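As stored in entry-v4.cif (mmCIF, C-alpha atoms):
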data_query
loop_
_atom_site.label_atom_id
_atom_site.label_comp_id
_atom_site.auth_asym_id
_atom_site.auth_seq_id
_atom_site.Cartn_x
_atom_site.Cartn_y
_atom_site.Cartn_z
CA MET S 97 19.72 -47.50 -8.83
CA SER S 98 16.12 -47.04 -7.67
CA GLU S 99 15.10 -48.03 -4.15
CA THR S 100 12.87 -50.84 -5.40
CA ALA S 101 15.83 -52.48 -7.12
CA GLU S 102 18.03 -52.40 -4.03
CA HIS S 103 18.88 -55.51 -2.07
CA ILE S 104 19.00 -55.59 1.73
CA VAL S 105 20.93 -58.41 3.34
CA ILE S 106 20.24 -59.14 7.00
CA ILE S 107 22.86 -61.15 8.87
CA GLY S 108 21.32 -62.78 11.92
CA GLY S 109 18.23 -64.94 12.14
CA GLY S 110 17.18 -64.11 15.68
CA HIS S 111 14.37 -61.87 16.83
CA GLY S 112 16.12 -58.73 15.55
CA GLY S 113 16.80 -60.09 12.08
CA GLY S 114 13.37 -61.64 11.68
CA SER S 115 11.65 -58.48 12.88
CA ALA S 116 13.76 -56.30 10.59
CA ALA S 117 12.63 -58.30 7.55
CA ALA S 118 8.98 -58.13 8.63
CA PHE S 119 9.10 -54.39 9.36
CA LEU S 120 10.81 -53.64 6.07
CA ARG S 121 7.89 -55.23 4.23
CA GLN S 122 5.30 -53.73 6.59
CA PHE S 123 6.62 -50.24 5.92
CA GLY S 124 6.78 -50.67 2.15
CA TRP S 125 10.28 -51.87 1.25
CA ALA S 126 9.81 -53.37 -2.22
CA GLY S 127 13.41 -54.43 -2.89
CA ALA S 128 14.94 -57.83 -2.33
CA ILE S 129 15.53 -59.05 1.23
CA THR S 130 17.85 -61.91 2.13
CA LEU S 131 18.09 -63.08 5.72
CA ILE S 132 21.17 -65.18 6.56
CA SER S 133 21.17 -67.33 9.69
CA GLU S 134 23.51 -69.97 11.08
CA GLU S 135 20.53 -71.75 12.59
CA PRO S 136 18.56 -74.37 10.63
CA ILE S 137 15.15 -72.92 11.53
CA PRO S 138 13.53 -69.56 10.72
CA PRO S 139 13.63 -66.76 13.33
CA TYR S 140 12.00 -67.72 16.63
CA HIS S 141 11.33 -66.46 20.15
CA ARG S 142 14.27 -67.42 22.39
CA PRO S 143 12.93 -66.73 25.91
CA PRO S 144 10.69 -69.85 25.91
CA LEU S 145 13.74 -72.08 25.31
CA SER S 146 14.59 -71.98 29.01
CA LYS S 147 11.14 -73.03 30.18
CA ALA S 148 8.44 -74.15 27.73
CA TRP S 149 10.89 -75.81 25.31
CA LEU S 150 12.83 -77.63 28.03
CA LYS S 151 9.62 -78.87 29.62
CA GLY S 152 8.23 -80.10 26.29
CA GLU S 153 5.44 -77.52 26.25
CA ALA S 154 6.61 -75.81 23.05
CA ASP S 155 7.85 -76.86 19.63
CA ALA S 156 9.55 -75.03 16.76
CA ALA S 157 6.21 -74.01 15.22
CA SER S 158 4.95 -72.43 18.44
CA LEU S 159 8.20 -70.47 18.90
CA ALA S 160 8.32 -69.13 15.33
CA LEU S 161 8.20 -65.34 14.98
CA ARG S 162 6.25 -65.81 11.77
CA PRO S 163 4.89 -68.91 10.01
CA PRO S 164 7.15 -70.26 7.23
CA LYS S 165 4.62 -69.10 4.63
CA PHE S 166 5.23 -65.48 5.70
CA TYR S 167 8.75 -65.51 4.23
CA ILE S 168 7.47 -66.94 0.94
CA ASP S 169 4.50 -64.56 0.73
CA GLN S 170 6.67 -61.56 1.60
CA ASN S 171 9.45 -62.59 -0.80
CA VAL S 172 12.09 -62.81 1.94
CA THR S 173 14.86 -65.21 0.98
CA LEU S 174 15.95 -67.30 3.98
CA ARG S 175 19.49 -68.66 3.90
CA LEU S 176 19.38 -71.00 6.90
CA SER S 177 22.29 -73.10 8.20
CA THR S 178 24.53 -70.54 6.50
CA ARG S 179 27.56 -68.91 8.09
CA VAL S 180 28.98 -65.57 7.00
CA ALA S 181 32.77 -65.65 6.82
CA ALA S 182 33.43 -62.02 5.89
CA ILE S 183 31.89 -58.75 4.83
CA ASP S 184 33.56 -56.90 1.98
CA ARG S 185 32.32 -53.35 2.55
CA THR S 186 34.19 -51.96 -0.46
CA ALA S 187 32.60 -54.44 -2.89
CA LYS S 188 29.32 -54.46 -0.88
CA GLN S 189 29.34 -58.23 -0.65
CA VAL S 190 28.80 -60.78 2.07
CA VAL S 191 31.16 -63.74 1.74
CA LEU S 192 29.70 -67.00 2.97
CA GLN S 193 31.77 -69.77 4.51
CA SER S 194 31.10 -71.80 1.34
CA GLY S 195 32.90 -69.10 -0.68
CA GLU S 196 29.68 -67.87 -2.28
CA THR S 197 29.18 -64.11 -2.30
CA ILE S 198 25.93 -62.18 -1.98
CA ALA S 199 25.88 -58.57 -3.14
CA TYR S 200 23.97 -56.00 -1.11
CA ASP S 201 23.03 -52.36 -1.32
CA ARG S 202 22.23 -52.12 2.37
CA LEU S 203 23.35 -54.40 5.17
CA ILE S 204 21.72 -55.02 8.53
CA LEU S 205 23.78 -56.70 11.24
CA ALA S 206 21.38 -58.33 13.70
CA LEU S 207 23.91 -60.58 15.36
CA GLY S 208 22.53 -60.75 18.88
CA SER S 209 24.93 -61.97 21.52
CA ARG S 210 26.94 -65.01 22.47
CA ALA S 211 27.19 -66.69 25.83
CA ARG S 212 30.31 -65.59 27.66
CA LYS S 213 32.70 -68.53 27.91
CA LEU S 214 34.19 -69.12 31.32
CA ASP S 215 37.91 -69.78 31.53
CA LEU S 216 37.83 -72.67 33.99
CA PRO S 217 39.60 -76.02 34.12
CA GLY S 218 37.35 -78.70 32.61
CA ILE S 219 35.09 -76.26 30.78
CA GLY S 220 35.37 -78.40 27.63
CA LEU S 221 34.25 -81.64 29.29
CA ALA S 222 31.11 -83.47 28.19
CA GLY S 223 28.04 -82.31 30.06
CA ILE S 224 29.07 -78.65 30.22
CA LEU S 225 26.32 -76.93 28.26
CA GLU S 226 25.14 -73.43 27.45
CA LEU S 227 21.69 -72.21 26.48
CA ARG S 228 21.52 -69.81 23.57
CA SER S 229 19.75 -71.60 20.73
CA ALA S 230 17.13 -74.27 20.06
CA ALA S 231 19.97 -76.75 19.44
CA ASP S 232 21.47 -75.88 22.85
CA ALA S 233 18.04 -76.34 24.46
CA ASP S 234 17.70 -79.77 22.85
CA GLN S 235 21.06 -80.84 24.32
CA LEU S 236 20.09 -79.52 27.73
CA LYS S 237 16.67 -81.17 27.57
CA ALA S 238 18.32 -84.53 26.85
CA ALA S 239 20.70 -84.06 29.79
CA ILE S 240 18.17 -83.22 32.51
CA GLY S 241 15.61 -85.47 34.09
CA PRO S 242 14.56 -87.26 37.28
CA GLY S 243 17.44 -87.84 39.67
CA ARG S 244 20.00 -85.98 37.56
CA ARG S 245 22.14 -83.33 39.23
CA VAL S 246 22.40 -79.92 37.59
CA ALA S 247 24.56 -76.90 38.42
CA ILE S 248 23.65 -73.66 36.72
CA ILE S 249 26.03 -70.75 36.47
CA GLY S 250 24.18 -67.51 35.96
CA GLY S 251 21.27 -66.20 37.96
CA GLY S 252 19.74 -64.02 35.29
CA TYR S 253 16.44 -64.66 33.54
CA ILE S 254 17.70 -67.60 31.46
CA GLY S 255 19.58 -69.26 34.32
CA LEU S 256 16.65 -69.00 36.72
CA GLU S 257 14.15 -70.27 34.15
CA ALA S 258 16.47 -73.18 33.25
CA ALA S 259 16.82 -74.04 36.95
CA ALA S 260 13.05 -73.97 37.46
CA SER S 261 12.56 -76.18 34.38
CA ALA S 262 15.22 -78.66 35.51
CA ARG S 263 13.56 -78.85 38.91
CA ALA S 264 10.12 -79.35 37.34
CA LEU S 265 11.60 -82.22 35.30
CA GLY S 266 12.86 -83.90 38.48
CA ALA S 267 16.51 -82.87 38.42
#

Please express what this file holds, its structure, as structure tokens.
Amino acid sequence: MSETAEHIVIIGGGHGGGSAAAFLRQFGWAGAITLISEEPIPPYHRPPLSKAWLKGEADAASLALRPPKFYIDQNVTLRLSTRVAAIDRTAKQVVLQSGETIAYDRLILALGSRARKLDLPGIGLAGILELRSAADADQLKAAIGPGRRVAIIGGGYIGLEAAASARALGA
């Protein structure tokens, strides 16, 4: 099979996955590219979620790594709101949660990370939120505001930015 006929599947629609698709085209990959993401929106910058997004200073378009037209123009197939259930390395197929399979010649895993779940009593109660995605940021944004009390666990970049945003919003 020639290189131009090969199909690359990228699992993960974050910065890594979106950048991989863009760089493949930039450096001359002519084969098919499919990017699979659990999120409903194309790849976007995550750092602004904890500040600009929470404070209403950013929207999905301003966070996008590339405009939607980029994926069309560059012939990158986006499979958004799609969860991968399994990878069959022998058959070189990605099995989606729907049961559909997508064959690949090369596979890129750009899975990013997940928030570490704390094992504490009450961790599943309403109002206990994490910040990892735009959907998480929307939930957090709806929960904070003037006079609301917020406790943030985690003093890294995201935690500190979220705390500053909550404070700026009157929490």

List the residues matched by the PyMOL selection byres ((chain S and resi 247) around 12) in the displayed structure as a compact mmCIF listing (two decimals) with C-alpha atoms, in the frame of the given file, ordered by chain and then by residue number.
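Listing of out02.txt after writing:
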# COMPACT_ATOMS: atom_id res chain seq x y z
CA GLY S 223 28.04 -82.31 30.06
CA ILE S 224 29.07 -78.65 30.22
CA LEU S 225 26.32 -76.93 28.26
CA GLU S 226 25.14 -73.43 27.45
CA LEU S 236 20.09 -79.52 27.73
CA ALA S 239 20.70 -84.06 29.79
CA ILE S 240 18.17 -83.22 32.51
CA ARG S 244 20.00 -85.98 37.56
CA ARG S 245 22.14 -83.33 39.23
CA VAL S 246 22.40 -79.92 37.59
CA ILE S 248 23.65 -73.66 36.72
CA ILE S 249 26.03 -70.75 36.47
CA GLY S 250 24.18 -67.51 35.96
CA GLY S 251 21.27 -66.20 37.96
CA GLY S 255 19.58 -69.26 34.32
CA LEU S 256 16.65 -69.00 36.72
CA ALA S 258 16.47 -73.18 33.25
CA ALA S 259 16.82 -74.04 36.95
CA ALA S 260 13.05 -73.97 37.46
CA ALA S 262 15.22 -78.66 35.51
CA ARG S 263 13.56 -78.85 38.91
CA ALA S 267 16.51 -82.87 38.42

(request) Determine the nearest neighbour of Ser177 of chain S from the options S:Ser261, S:Ser146, S:Ser133, S:Ser229, counting only C-alpha atoms. (result)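 Of all the options, S:Ser133 lies closest to Ser177 of chain S.
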
(request) Please measure the separation of atom CA of Ile104 of chain S and atom CA of Ile137 of chain S, giving the value in Å to one decimal. (result)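 Between these atoms lies a distance of 20.3 Å.
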
Taking only C-alpha atoms into account, produce a table as a Markdown table in which each residue of segment 136-187 of chain S with an atom at most 12 Å from an atom of segment 116-123 of chain S appears once, together with its shortest atom pair and the distance in Å to one decimal, ordered by chain and rising number.
| residue | atom | partner | partner_atom | distance |
| --- | --- | --- | --- | --- |
| S:Pro138 | CA | S:Ala117 | CA | 11.7 |
| S:Pro139 | CA | S:Ala117 | CA | 10.3 |
| S:Leu161 | CA | S:Ala118 | CA | 9.6 |
| S:Arg162 | CA | S:Ala118 | CA | 8.7 |
| S:Pro163 | CA | S:Ala118 | CA | 11.6 |
| S:Phe166 | CA | S:Ala118 | CA | 8.8 |
| S:Tyr167 | CA | S:Ala118 | CA | 8.6 |
| S:Ile168 | CA | S:Ala118 | CA | 11.8 |
| S:Asp169 | CA | S:Arg121 | CA | 10.5 |
| S:Gln170 | CA | S:Arg121 | CA | 7.0 |
| S:Asn171 | CA | S:Arg121 | CA | 9.1 |
| S:Val172 | CA | S:Ala117 | CA | 7.2 |
| S:Thr173 | CA | S:Ala117 | CA | 9.8 |
| S:Leu174 | CA | S:Ala117 | CA | 10.2 |

(message) Considering only C-alpha atoms, can you say which of S:Ala238, S:Leu203, S:Leu176, S:Leu265 comes closest to Gln189 of chain S?
(response)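 Ranking S:Ala238, S:Leu203, S:Leu176, S:Leu265 by distance to Gln189 of chain S, first place goes to S:Leu203.
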
Box for segment 172-186 of chain S: with edges along x, y and z, all listed atoms inside and 6 Å added on each side, what are the centre and edge lengths in Å to one decimal, as AutoDock Vina command-line options?
--center_x 23.1 --center_y -62.5 --center_z 3.9 --size_x 34.1 --size_y 33.1 --size_z 20.7

(request) Can you work out the spacing between atom CA of Leu159 of chain S and atom CA of Leu145 of chain S in Å, to one decimal? (result) 8.6 Å

(request) Please measure the separation of atom CA of Gly127 of chain S and atom CA of Ile198 of chain S, giving the value in Å to one decimal. (result)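 We find that atom CA of Gly127 of chain S and atom CA of Ile198 of chain S lie 14.8 Å from each other.
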
(request) Determine the nearest neighbour of Pro144 of chain S from the options S:Ala160, S:Ile129, S:Val190, S:Leu207, counting only C-alpha atoms. (result)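 The closest residue to Pro144 of chain S is S:Ala160.
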
Can you tell me which residues surround Gly108 of chain S at a distance of at most 9 Å, considering all atoms listed in the file, apart from same-chain residues fewer than 6 positions away, and format the answer as a CSV table (one decimal) with C-alpha atoms, in the frame of the given file?
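Saved to out.csv:
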chain,number,residue,atom,x,y,z
S,114,GLY,CA,13.4,-61.6,11.7
S,131,LEU,CA,18.1,-63.1,5.7
S,132,ILE,CA,21.2,-65.2,6.6
S,133,SER,CA,21.2,-67.3,9.7
S,134,GLU,CA,23.5,-70.0,11.1
S,139,PRO,CA,13.6,-66.8,13.3
S,204,ILE,CA,21.7,-55.0,8.5
S,205,LEU,CA,23.8,-56.7,11.2
S,206,ALA,CA,21.4,-58.3,13.7
S,207,LEU,CA,23.9,-60.6,15.4
S,208,GLY,CA,22.5,-60.8,18.9

(request) For each of S:Ala230, S:Ala264, S:Ile107, S:Leu216, take the minimum atom-to-atom distance to Pro136 of chain S, counting all atoms listed in the file, then give the residue where this is smallest. (result) S:Ala230

(request) Could you state which residues are captured by the PyMOL selection byres ((chain S and resi 195) around 12) in this file, as number ranges by chain? (result) S: 178-183, 189-194, 196-198

(request) Using all atoms listed in the file, pick whichever of S:Ala199, S:Ala222, S:Gly109, S:Asp232 has the shortest atom-to-atom distance to Thr186 of chain S. (result) S:Ala199
